[in-house]
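J.: Coordinates in structure-v5.tsv, TSV, C-alpha atoms and all ligand atoms, are listed below.
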chain	number	residue	atom	x	y	z
A	778	MET	CA	131.97	104.09	87.36
A	779	ALA	CA	132.09	107.34	89.38
A	780	ASN	CA	128.98	108.32	91.33
A	781	LYS	CA	126.57	110.72	89.68
A	782	LYS	CA	126.63	114.18	91.26
A	783	LEU	CA	123.73	116.53	91.94
A	784	THR	CA	123.26	119.90	93.66
A	785	ILE	CA	119.79	120.46	95.18
A	786	ILE	CA	118.23	123.81	96.11
A	787	GLY	CA	115.25	123.29	98.46
A	788	ALA	CA	116.24	119.87	99.85
A	789	THR	CA	114.80	120.41	103.35
A	790	GLY	CA	111.10	120.48	102.39
A	791	PHE	CA	108.32	118.01	103.13
A	792	LEU	CA	108.75	116.02	99.89
A	793	SER	CA	112.34	116.98	99.10
A	794	THR	CA	113.81	115.54	102.31
A	795	THR	CA	112.61	112.06	101.27
A	796	ILE	CA	113.71	112.66	97.66
A	797	THR	CA	117.19	113.71	98.83
A	798	ARG	CA	117.54	110.70	101.18
A	799	GLN	CA	116.50	108.36	98.39
A	800	LEU	CA	119.01	109.88	95.93
A	801	VAL	CA	121.75	109.38	98.52
A	802	ASN	CA	120.61	105.75	99.08
A	803	ASP	CA	120.79	105.24	95.33
A	804	GLY	CA	124.45	106.29	95.32
A	805	VAL	CA	124.19	109.89	94.11
A	806	THR	CA	126.75	112.32	95.56
A	807	VAL	CA	124.55	115.18	96.76
A	808	ARG	CA	125.35	118.80	97.61
A	809	VAL	CA	122.54	120.84	99.15
A	810	VAL	CA	122.20	124.62	99.08
A	811	ALA	CA	120.26	125.61	102.20
A	812	ARG	CA	119.41	128.95	103.76
A	813	ASN	CA	119.69	127.35	107.20
A	814	PRO	CA	122.65	124.90	107.01
A	815	GLU	CA	122.38	123.93	110.71
A	816	ASN	CA	118.79	122.76	110.21
A	817	ALA	CA	119.69	121.00	106.95
A	818	LYS	CA	122.50	119.14	108.73
A	819	LYS	CA	120.04	117.83	111.30
A	820	ILE	CA	117.56	116.39	108.83
A	821	LEU	CA	119.68	115.19	105.91
A	822	PRO	CA	122.06	112.21	105.70
A	823	ASP	CA	125.61	112.81	106.98
A	824	SER	CA	127.16	112.22	103.56
A	825	VAL	CA	125.35	115.24	102.06
A	826	GLU	CA	127.59	118.28	101.54
A	827	ILE	CA	125.71	121.32	102.83
A	828	VAL	CA	126.54	124.83	101.69
A	829	GLY	CA	124.81	128.04	102.74
A	830	GLY	CA	122.77	129.90	100.13
A	831	ASP	CA	119.52	131.82	99.87
A	832	VAL	CA	117.68	132.17	96.57
A	833	SER	CA	117.03	135.85	97.39
A	834	ASP	CA	120.81	136.43	97.45
A	835	LYS	CA	122.37	135.88	94.02
A	836	GLN	CA	125.95	136.22	95.28
A	837	SER	CA	125.39	133.39	97.78
A	838	LEU	CA	124.22	131.18	94.89
A	839	ILE	CA	127.18	132.09	92.69
A	840	THR	CA	129.44	130.80	95.47
A	841	ALA	CA	127.26	127.77	96.33
A	842	LEU	CA	127.02	126.49	92.74
A	843	LYS	CA	130.79	126.40	92.10
A	844	GLY	CA	131.64	123.10	90.42
A	845	THR	CA	127.98	122.11	89.85
A	846	ASP	CA	127.12	120.31	86.60
A	847	ALA	CA	123.58	119.07	87.40
A	848	LEU	CA	121.15	121.08	89.53
A	849	TYR	CA	117.69	120.15	90.87
A	850	ILE	CA	115.38	122.98	92.01
A	851	HIS	CA	112.67	122.13	94.54
A	852	LEU	CA	110.97	125.31	95.79
A	853	ASN	CA	107.34	126.10	96.57
A	854	THR	CA	104.75	128.89	96.36
A	855	GLU	CA	101.98	128.58	98.93
A	856	THR	CA	99.99	131.80	98.89
A	857	THR	CA	96.95	133.28	97.19
A	858	ASP	CA	98.60	136.74	97.09
A	859	MET	CA	99.71	137.33	93.52
A	860	ASN	CA	101.32	140.73	94.24
A	861	LEU	CA	104.31	139.99	96.43
A	862	PRO	CA	107.63	141.56	95.41
A	863	PHE	CA	109.54	138.27	95.69
A	864	TYR	CA	108.60	134.64	95.06
A	865	THR	CA	111.25	131.94	95.41
A	866	GLU	CA	109.94	130.22	92.27
A	867	ARG	CA	110.17	133.35	90.07
A	868	GLU	CA	112.61	136.02	91.34
A	869	GLY	CA	114.50	133.30	93.25
A	870	VAL	CA	114.75	131.17	90.11
A	871	GLN	CA	115.96	134.22	88.18
A	872	ASN	CA	118.85	134.48	90.67
A	873	ILE	CA	119.50	130.73	90.34
A	874	VAL	CA	119.61	130.96	86.53
A	875	GLU	CA	122.10	133.84	86.66
A	876	ALA	CA	124.27	131.99	89.18
A	877	ALA	CA	124.03	128.81	87.06
A	878	LYS	CA	125.18	130.70	83.98
A	879	ALA	CA	128.10	132.22	85.91
A	880	ASN	CA	129.12	128.68	86.95
A	881	LYS	CA	128.54	127.05	83.54
A	882	VAL	CA	125.99	124.60	85.01
A	883	LYS	CA	125.19	121.96	82.36
A	884	HIS	CA	121.71	120.78	83.37
A	885	ILE	CA	118.85	122.27	85.43
A	886	MET	CA	115.97	120.07	86.65
A	887	GLN	CA	112.87	121.29	88.44
A	888	ILE	CA	109.69	119.99	90.06
A	889	ALA	CA	106.36	121.34	88.78
A	890	GLY	CA	102.68	120.40	88.88
A	891	LEU	CA	100.83	118.39	86.24
A	892	GLU	CA	98.52	121.39	85.67
A	893	SER	CA	101.30	123.21	83.79
A	894	LEU	CA	101.41	120.43	81.20
A	895	HIS	CA	97.78	119.26	81.18
A	896	ASP	CA	95.36	121.89	82.42
A	897	ASP	CA	92.73	119.95	80.46
A	898	PHE	CA	92.74	117.44	83.38
A	899	PHE	CA	91.65	120.15	85.86
A	900	LEU	CA	87.91	120.58	85.51
A	901	ASN	CA	87.65	123.07	88.42
A	902	GLY	CA	90.58	125.20	87.25
A	903	THR	CA	94.11	125.23	88.66
A	904	ILE	CA	95.97	126.93	91.51
A	905	GLU	CA	96.55	130.56	90.59
A	906	THR	CA	100.21	130.54	91.67
A	907	ARG	CA	101.15	128.24	88.79
A	908	GLU	CA	101.74	131.45	86.81
A	909	ILE	CA	104.59	132.37	89.12
A	910	ARG	CA	106.31	129.00	88.80
A	911	GLU	CA	105.78	128.94	85.04
A	912	ALA	CA	107.41	132.39	84.70
A	913	GLY	CA	110.45	131.00	86.55
A	914	MET	CA	110.53	127.90	84.32
A	915	LYS	CA	110.39	130.13	81.23
A	916	LEU	CA	113.55	131.87	82.51
A	917	ILE	CA	115.24	128.45	82.73
A	918	GLU	CA	114.11	127.52	79.21
A	919	ASP	CA	115.28	130.88	77.82
A	920	SER	CA	118.67	130.60	79.55
A	921	GLY	CA	119.90	128.08	76.98
A	922	ILE	CA	120.99	125.71	79.80
A	923	PRO	CA	119.52	122.26	79.05
A	924	TYR	CA	116.59	121.53	81.36
A	925	THR	CA	114.34	118.69	82.53
A	926	PHE	CA	110.98	119.56	84.06
A	927	PHE	CA	108.96	117.05	86.10
A	928	TYR	CA	105.22	117.80	86.02
A	929	CYS	CA	103.96	115.78	88.95
A	930	SER	CA	100.54	114.42	89.80
A	931	PHE	CA	99.39	114.46	93.44
A	932	PHE	CA	102.00	113.07	95.87
A	933	ALA	CA	100.59	110.31	98.10
A	934	ASP	CA	103.27	111.33	100.65
A	935	SER	CA	101.05	114.35	101.39
A	936	PHE	CA	98.29	112.20	102.94
A	937	ILE	CA	100.00	112.24	106.34
A	938	ARG	CA	99.80	116.05	106.36
A	939	PHE	CA	96.01	115.87	106.56
A	940	VAL	CA	95.89	113.67	109.67
A	941	ASP	CA	94.57	115.09	112.92
A	942	ASN	CA	93.67	113.03	116.00
A	943	ASN	CA	93.81	109.68	114.21
A	944	ALA	CA	91.56	110.85	111.39
A	945	LEU	CA	92.38	111.94	107.88
A	946	TYR	CA	89.95	114.50	106.51
A	947	LEU	CA	89.13	114.67	102.80
A	948	PHE	CA	87.22	117.80	101.83
A	949	GLY	CA	84.59	118.12	99.13
A	950	ASP	CA	83.52	115.81	96.36
A	951	LEU	CA	86.51	113.79	95.03
A	952	PRO	CA	84.95	111.51	92.41
A	953	HIS	CA	87.80	110.90	89.94
A	954	LYS	CA	90.63	108.40	89.81
A	955	ILE	CA	94.13	109.88	90.05
A	956	PHE	CA	97.52	108.39	89.17
A	957	PHE	CA	99.08	109.34	92.53
A	958	THR	CA	102.86	109.66	92.43
A	959	ASN	CA	105.31	109.70	95.36
A	960	SER	CA	108.73	111.00	96.38
A	961	PHE	CA	110.44	107.66	95.65
A	962	GLN	CA	109.21	107.71	92.06
A	963	LEU	CA	110.43	111.27	91.52
A	964	ALA	CA	113.82	110.50	93.12
A	965	ARG	CA	114.26	107.59	90.69
A	966	HIS	CA	113.38	109.77	87.70
A	967	ILE	CA	115.78	112.53	88.83
A	968	HIS	CA	118.53	109.94	89.30
A	969	GLN	CA	117.96	108.52	85.82
A	970	ALA	CA	117.91	112.01	84.27
A	971	ILE	CA	121.38	113.00	85.56
A	972	GLU	CA	124.00	112.73	82.78
A	973	ASN	CA	121.30	111.34	80.47
A	974	PRO	CA	121.34	113.11	77.07
A	975	ARG	CA	117.85	111.78	76.34
A	976	ALA	CA	116.44	113.73	79.31
A	977	LEU	CA	117.72	117.12	78.13
A	978	ASN	CA	115.10	119.74	77.22
A	979	GLN	CA	112.30	117.37	78.17
A	980	LYS	CA	109.00	118.04	79.91
A	981	TYR	CA	108.01	114.83	81.67
A	982	PRO	CA	104.63	114.13	83.26
A	983	VAL	CA	105.12	112.13	86.48
A	984	GLN	CA	102.26	109.79	87.43
A	985	GLY	CA	102.11	106.49	89.29
A	986	HIS	CA	100.96	103.45	87.34
A	987	GLU	CA	97.70	102.85	89.20
A	988	ALA	CA	94.62	105.10	89.14
A	989	MET	CA	92.61	105.44	92.38
A	990	THR	CA	90.16	107.84	93.95
A	991	PHE	CA	91.35	109.82	96.99
A	992	GLN	CA	89.20	107.60	99.20
A	993	GLU	CA	90.68	104.36	97.79
A	994	ALA	CA	94.25	105.67	97.87
A	995	THR	CA	94.10	107.02	101.44
A	996	GLN	CA	92.43	103.84	102.74
A	997	ARG	CA	95.13	101.68	101.16
A	998	PHE	CA	97.91	103.94	102.40
A	999	PHE	CA	96.70	104.04	106.02
A	1000	MET	CA	95.96	100.32	106.14
A	1001	ILE	CA	99.77	99.92	106.06
A	1002	TYR	CA	101.06	103.22	107.49
A	1003	ASP	CA	98.73	103.34	110.50
A	1004	PRO	CA	95.49	101.31	110.59
A	1005	GLU	CA	94.29	103.40	113.55
A	1006	VAL	CA	93.75	106.35	111.21
A	1007	SER	CA	90.24	106.53	109.80
A	1008	VAL	CA	89.41	108.35	106.56
A	1009	GLN	CA	86.60	110.92	106.93
A	1010	LYS	CA	84.86	112.87	104.17
A	1011	LEU	CA	83.65	116.39	104.93
A	1012	PRO	CA	81.90	119.06	102.84
A	1013	LEU	CA	84.26	121.66	101.35
A	1014	GLU	CA	82.75	124.50	103.42
A	1015	THR	CA	83.95	122.85	106.65
A	1016	VAL	CA	87.52	123.99	105.82
A	1017	ASN	CA	86.31	127.35	107.17
A	1018	GLU	CA	85.66	125.76	110.57
A	1019	LEU	CA	89.24	124.55	111.12
A	1020	GLY	CA	90.26	127.77	112.87
A	1021	LEU	CA	92.97	128.59	110.30
A	1022	PRO	CA	93.94	132.18	109.45
A	1023	ALA	CA	91.72	133.41	106.57
A	1024	THR	CA	94.44	133.31	103.88
A	1025	GLU	CA	95.54	129.77	104.84
A	1026	ALA	CA	91.93	128.58	104.87
A	1027	ALA	CA	91.35	130.15	101.43
A	1028	PHE	CA	94.43	128.41	100.02
A	1029	LEU	CA	93.45	125.04	101.51
A	1030	ARG	CA	89.87	125.34	100.26
A	1031	ARG	CA	91.13	126.12	96.78
A	1032	ILE	CA	93.51	123.11	96.85
A	1033	TRP	CA	90.63	120.73	97.69
A	1034	GLU	CA	88.38	122.32	95.10
A	1035	VAL	CA	91.09	121.84	92.45
A	1036	CYS	CA	91.61	118.22	93.60
A	1037	GLY	CA	87.88	117.58	93.24
A	1038	GLY	CA	88.11	118.53	89.56
A	1039	LEU	CA	91.27	116.54	88.81
A	1040	ASP	CA	90.38	113.97	86.16
A	1041	GLU	CA	93.63	112.49	84.78
A	1042	ARG	CA	94.44	110.28	81.87
A	1043	PHE	CA	97.69	108.30	81.91
A	1044	VAL	CA	100.22	110.30	79.88
A	1045	SER	CA	103.54	109.13	81.40
A	1046	ALA	CA	104.48	106.24	79.08
A	1047	GLU	CA	107.42	108.22	77.62
A	1048	THR	CA	108.63	109.20	81.11
A	1049	TYR	CA	108.76	105.52	82.07
A	1050	GLU	CA	110.49	104.64	78.78
A	1051	HIS	CA	113.19	107.31	79.23
A	1052	LEU	CA	113.62	107.22	83.02
A	1053	GLY	CA	112.39	103.80	84.18
A	1054	GLN	CA	109.25	102.41	85.80
A	1055	PRO	CA	108.40	103.60	89.31
A	1056	LEU	CA	109.49	100.93	91.81
A	1057	ALA	CA	107.29	102.07	94.69
A	1058	GLY	CA	103.51	102.26	94.42
A	1059	ILE	CA	101.19	103.40	97.20
A	1060	ASP	CA	101.66	100.31	99.42
A	1061	GLU	CA	105.45	100.40	99.18
A	1062	LEU	CA	105.43	104.16	99.89
A	1063	ALA	CA	103.38	103.58	103.05
A	1064	ARG	CA	105.80	100.82	104.16
A	1065	GLN	CA	108.90	102.93	103.48
A	1066	ILE	CA	107.59	106.03	105.27
A	1067	LYS	CA	106.41	103.94	108.20
A	1068	ASN	CA	109.88	102.39	108.58
A	1069	SER	CA	111.84	105.61	108.10
B	1101	LIG	N1	102.06	118.03	97.22
B	1101	LIG	C1	101.78	117.60	96.00
B	1101	LIG	O1	100.96	116.70	95.81
B	1101	LIG	C2	102.51	118.20	94.81
B	1101	LIG	C3	102.12	117.83	93.50
B	1101	LIG	C4	102.83	118.33	92.41
B	1101	LIG	C5	103.91	119.18	92.63
B	1101	LIG	N2	104.24	119.54	93.90
B	1101	LIG	C6	105.36	120.49	94.09
B	1101	LIG	O2	106.18	120.13	95.18
B	1101	LIG	C7	106.79	121.33	95.67
B	1101	LIG	C8	106.56	121.38	97.16
B	1101	LIG	O3	107.36	120.41	97.78
B	1101	LIG	P1	107.60	120.40	99.36
B	1101	LIG	O4	106.29	120.18	100.03
B	1101	LIG	O5	108.74	119.47	99.60
B	1101	LIG	O6	108.06	121.94	99.58
B	1101	LIG	P2	108.37	122.69	100.94
B	1101	LIG	O7	108.22	121.79	102.12
B	1101	LIG	O8	107.62	123.98	100.96
B	1101	LIG	O9	109.95	123.00	100.77
B	1101	LIG	C9	110.43	124.14	100.11
B	1101	LIG	C10	111.95	124.15	100.14
B	1101	LIG	O10	112.36	125.44	99.65
B	1101	LIG	C11	113.36	125.95	100.53
B	1101	LIG	N3	113.38	127.42	100.50
B	1101	LIG	C12	112.38	128.26	100.78
B	1101	LIG	N4	112.79	129.55	100.67
B	1101	LIG	C13	114.12	129.49	100.32
B	1101	LIG	C14	115.10	130.46	100.07
B	1101	LIG	N5	114.83	131.78	100.14
B	1101	LIG	N6	116.34	130.06	99.72
B	1101	LIG	C15	116.65	128.73	99.64
B	1101	LIG	N7	115.74	127.75	99.87
B	1101	LIG	C16	114.50	128.13	100.21
B	1101	LIG	C17	112.91	125.45	101.91
B	1101	LIG	O11	113.98	125.57	102.81
B	1101	LIG	P3	113.74	125.78	104.40
B	1101	LIG	O12	113.81	124.39	104.98
B	1101	LIG	O13	114.88	126.64	104.81
B	1101	LIG	O14	112.40	126.42	104.58
B	1101	LIG	C18	112.55	124.01	101.55
B	1101	LIG	O15	113.72	123.23	101.47
B	1101	LIG	C19	106.13	122.51	94.99
B	1101	LIG	O16	106.94	122.95	93.93
B	1101	LIG	C20	104.85	121.88	94.48
B	1101	LIG	O17	104.33	122.52	93.34
B	1101	LIG	C21	103.59	119.07	94.99
Represent the structure contained in this file as structure tokens.

T.:
Amino acid sequence: MANKKLTIIGATGFLSTTITRQLVNDGVTVRVVARNPENAKKILPDSVEIVGGDVSDKQSLITALKGTDALYIHLNTETTDMNLPFYTEREGVQNIVEAAKANKVKHIMQIAGLESLHDDFFLNGTIETREIREAGMKLIEDSGIPYTFFYCSFFADSFIRFVDNNALYLFGDLPHKIFFTNSFQLARHIHQAIENPRALNQKYPVQGHEAMTFQEATQRFFMIYDPEVSVQKLPLETVNELGLPATEAAFLRRIWEVCGGLDERFVSAETYEHLGQPLAGIDELARQIKNS
């Protein structure tokens, strides 16, 4: 059987680099659209075809998406400013949709957050920028191109981003158990969704199979990834003492506040049934990242 093929926009990010590598390991033929192809070449596997393209430049996307059947969009919006003239996940996605239509793309997949499917799980409210991403996703839905949206829980991969000087800092009160997901789980679901009629026009929650508090999950992760790292809990207000620019500190504070209110139920049984069980839990994730 011929390899499945996928074009990815946003493959050079923190999570998406691992997702892209895993898709390649699983035998998917991957093309990446990157605004900085030289950088993409350095960090992605040699077998990935890299083409230049910027989501703010529709013409570049029309060229980059030639011959694409299945497309995965992995962009991000990290700001508290709701009044910018351009967001990759809204105006950028509008350009992608128009370029996809021009190229008769058959299937668009995209990453999203669990809050867009289950804001009932978020007792302290959700990140304001979800509105921007949701407006972009509405454009995909309205385009008539079949879609698959992945509404992901918290990625355990992100733990290593919070490490400083052999300590991982958790901010605020984090009392609830969360079904942490990871980049390997999402890569497997994306792989299974390509050329899968059952996955068309579906909105899948993506959660791991085990519920844990932040404290439990980070302790388990670092026991394998790096036992030298200790997990420290700090009051939410101490985010202000990190010396970050005011807007970055505000965004980070809001993220931790939202995490403190995240109280999930398991709602991913259908995702597993359609796209397979996750193969890597938190321990396997820690092992894989450590060895990579
Ligand atoms: N962290 C979590 O726990 C969690 C939970 C649920 C969902 N998510 C979702 O995960 C996503 C974030 O993943 P991440 O951390 O991997 O993102 P990231 O590191 O911010 O990566 C963003 C990607 O977008 C690309 N990009 C930015 N501007 C572009 C442009 N104008 N044209 C083309 N490409 C452009 C970047 O390319 P460059 O390399 O050129 O910058 C990069 O590849 C978000 O959608 C978030 O909602 C995260």

J.: Considering all atoms listed in the file, state which residue in the set A:Asp823, A:Ile785, A:Arg1031, A:Phe927 is at the smallest distance from Glu905 in chain A.

T.: A:Arg1031

J.: Using only C-alpha atoms and all ligand atoms, what table do you get, as CSV, when you list each residue of chain A with an atom no more than 8 Å from ligand LIG 1101 (chain B), its nearest pair of atoms, and their distance in Å rounded to one decimal, rows by chain then rising number?

T.:
residue,atom,partner,partner_atom,distance
A:Ile786,CA,B:LIG1101,N7,6.0
A:Gly787,CA,B:LIG1101,O15,3.4
A:Ala788,CA,B:LIG1101,O15,4.5
A:Thr789,CA,B:LIG1101,O15,3.6
A:Gly790,CA,B:LIG1101,O7,3.2
A:Phe791,CA,B:LIG1101,O5,3.8
A:Leu792,CA,B:LIG1101,O5,3.5
A:Ser793,CA,B:LIG1101,O5,4.4
A:Thr794,CA,B:LIG1101,O5,7.0
A:Val810,CA,B:LIG1101,C15,6.9
A:Ala811,CA,B:LIG1101,C15,5.4
A:Arg812,CA,B:LIG1101,C15,5.0
A:Asn813,CA,B:LIG1101,O13,5.4
A:Asn816,CA,B:LIG1101,O12,7.4
A:Ala817,CA,B:LIG1101,O12,7.1
A:Gly830,CA,B:LIG1101,C15,6.3
A:Asp831,CA,B:LIG1101,N6,3.6
A:Val832,CA,B:LIG1101,N6,4.0
A:Ser833,CA,B:LIG1101,N5,5.4
A:His851,CA,B:LIG1101,O16,5.8
A:Leu852,CA,B:LIG1101,O10,4.1
A:Asn853,CA,B:LIG1101,C19,4.1
A:Thr854,CA,B:LIG1101,C19,6.7
A:Glu855,CA,B:LIG1101,O8,7.6
A:Thr865,CA,B:LIG1101,N5,5.9
A:Gly869,CA,B:LIG1101,N5,7.1
A:Ile888,CA,B:LIG1101,O16,5.6
A:Ala889,CA,B:LIG1101,C5,5.0
A:Gly890,CA,B:LIG1101,C4,4.1
A:Leu891,CA,B:LIG1101,C4,6.5
A:Arg907,CA,B:LIG1101,O17,8.0
A:Arg910,CA,B:LIG1101,O16,8.0
A:Tyr928,CA,B:LIG1101,C4,6.8
A:Cys929,CA,B:LIG1101,C4,4.4
A:Ser930,CA,B:LIG1101,C4,5.2
A:Phe931,CA,B:LIG1101,O1,3.6
A:Phe932,CA,B:LIG1101,O1,3.8
A:Ala933,CA,B:LIG1101,O1,6.8
A:Asp934,CA,B:LIG1101,O1,7.6
A:Ser935,CA,B:LIG1101,N1,5.7

J.: Could you tell me how far CA of Val825 in chain A sits from CA of Val801 in chain A, in Å to one decimal place?

T.: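 Those two atoms sit 7.7 Å apart.
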
J.: Which one is closest to Ile873 in chain A: A:Val1035, A:Leu963, A:Ile839, A:Leu900? Count only C-alpha atoms.

T.: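 Closest residue, counting only C-alpha atoms: A:Ile839.
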
J.: Can you tell me which residues surround range 972-976 of chain A at a distance of at most 10 Å, considering only C-alpha atoms, apart from same-chain residues fewer than 3 positions away, and format the answer as a list in words?

T.: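 So the residues in contact are Lys781, Lys782, Leu783, Asp846, Ala847, Lys883, His884, Met886, Pro923, Tyr924, Thr925, Phe926, His966, Ile967, His968, Gln969, Gln979, Lys980, Tyr981, Thr1048, His1051 and Leu1052 of chain A.
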
J.: Closest to Thr857 in chain A among A:Thr906, A:Asn901, A:Ser1045, A:Asn978, using all atoms listed in the file?

T.: A:Thr906

J.: Quick one: contact table of range 869-959 of chain A to range 994-1010 of chain A, 6 Å max, nearest atom pair and distance in Å to one decimal per residue, counting all atoms listed in the file, chain and number order, as JSON lines?

T.:
{"residue": "A:Asn943", "atom": "CA", "partner": "A:Val1006", "partner_atom": "CA", "distance": 4.5}
{"residue": "A:Ala944", "atom": "CA", "partner": "A:Ser1007", "partner_atom": "CA", "distance": 4.8}
{"residue": "A:Leu945", "atom": "CA", "partner": "A:Val1008", "partner_atom": "CA", "distance": 4.8}
{"residue": "A:Tyr946", "atom": "CA", "partner": "A:Gln1009", "partner_atom": "CA", "distance": 4.9}
{"residue": "A:Leu947", "atom": "CA", "partner": "A:Lys1010", "partner_atom": "CA", "distance": 4.8}
{"residue": "A:Phe948", "atom": "CA", "partner": "A:Lys1010", "partner_atom": "CA", "distance": 5.9}
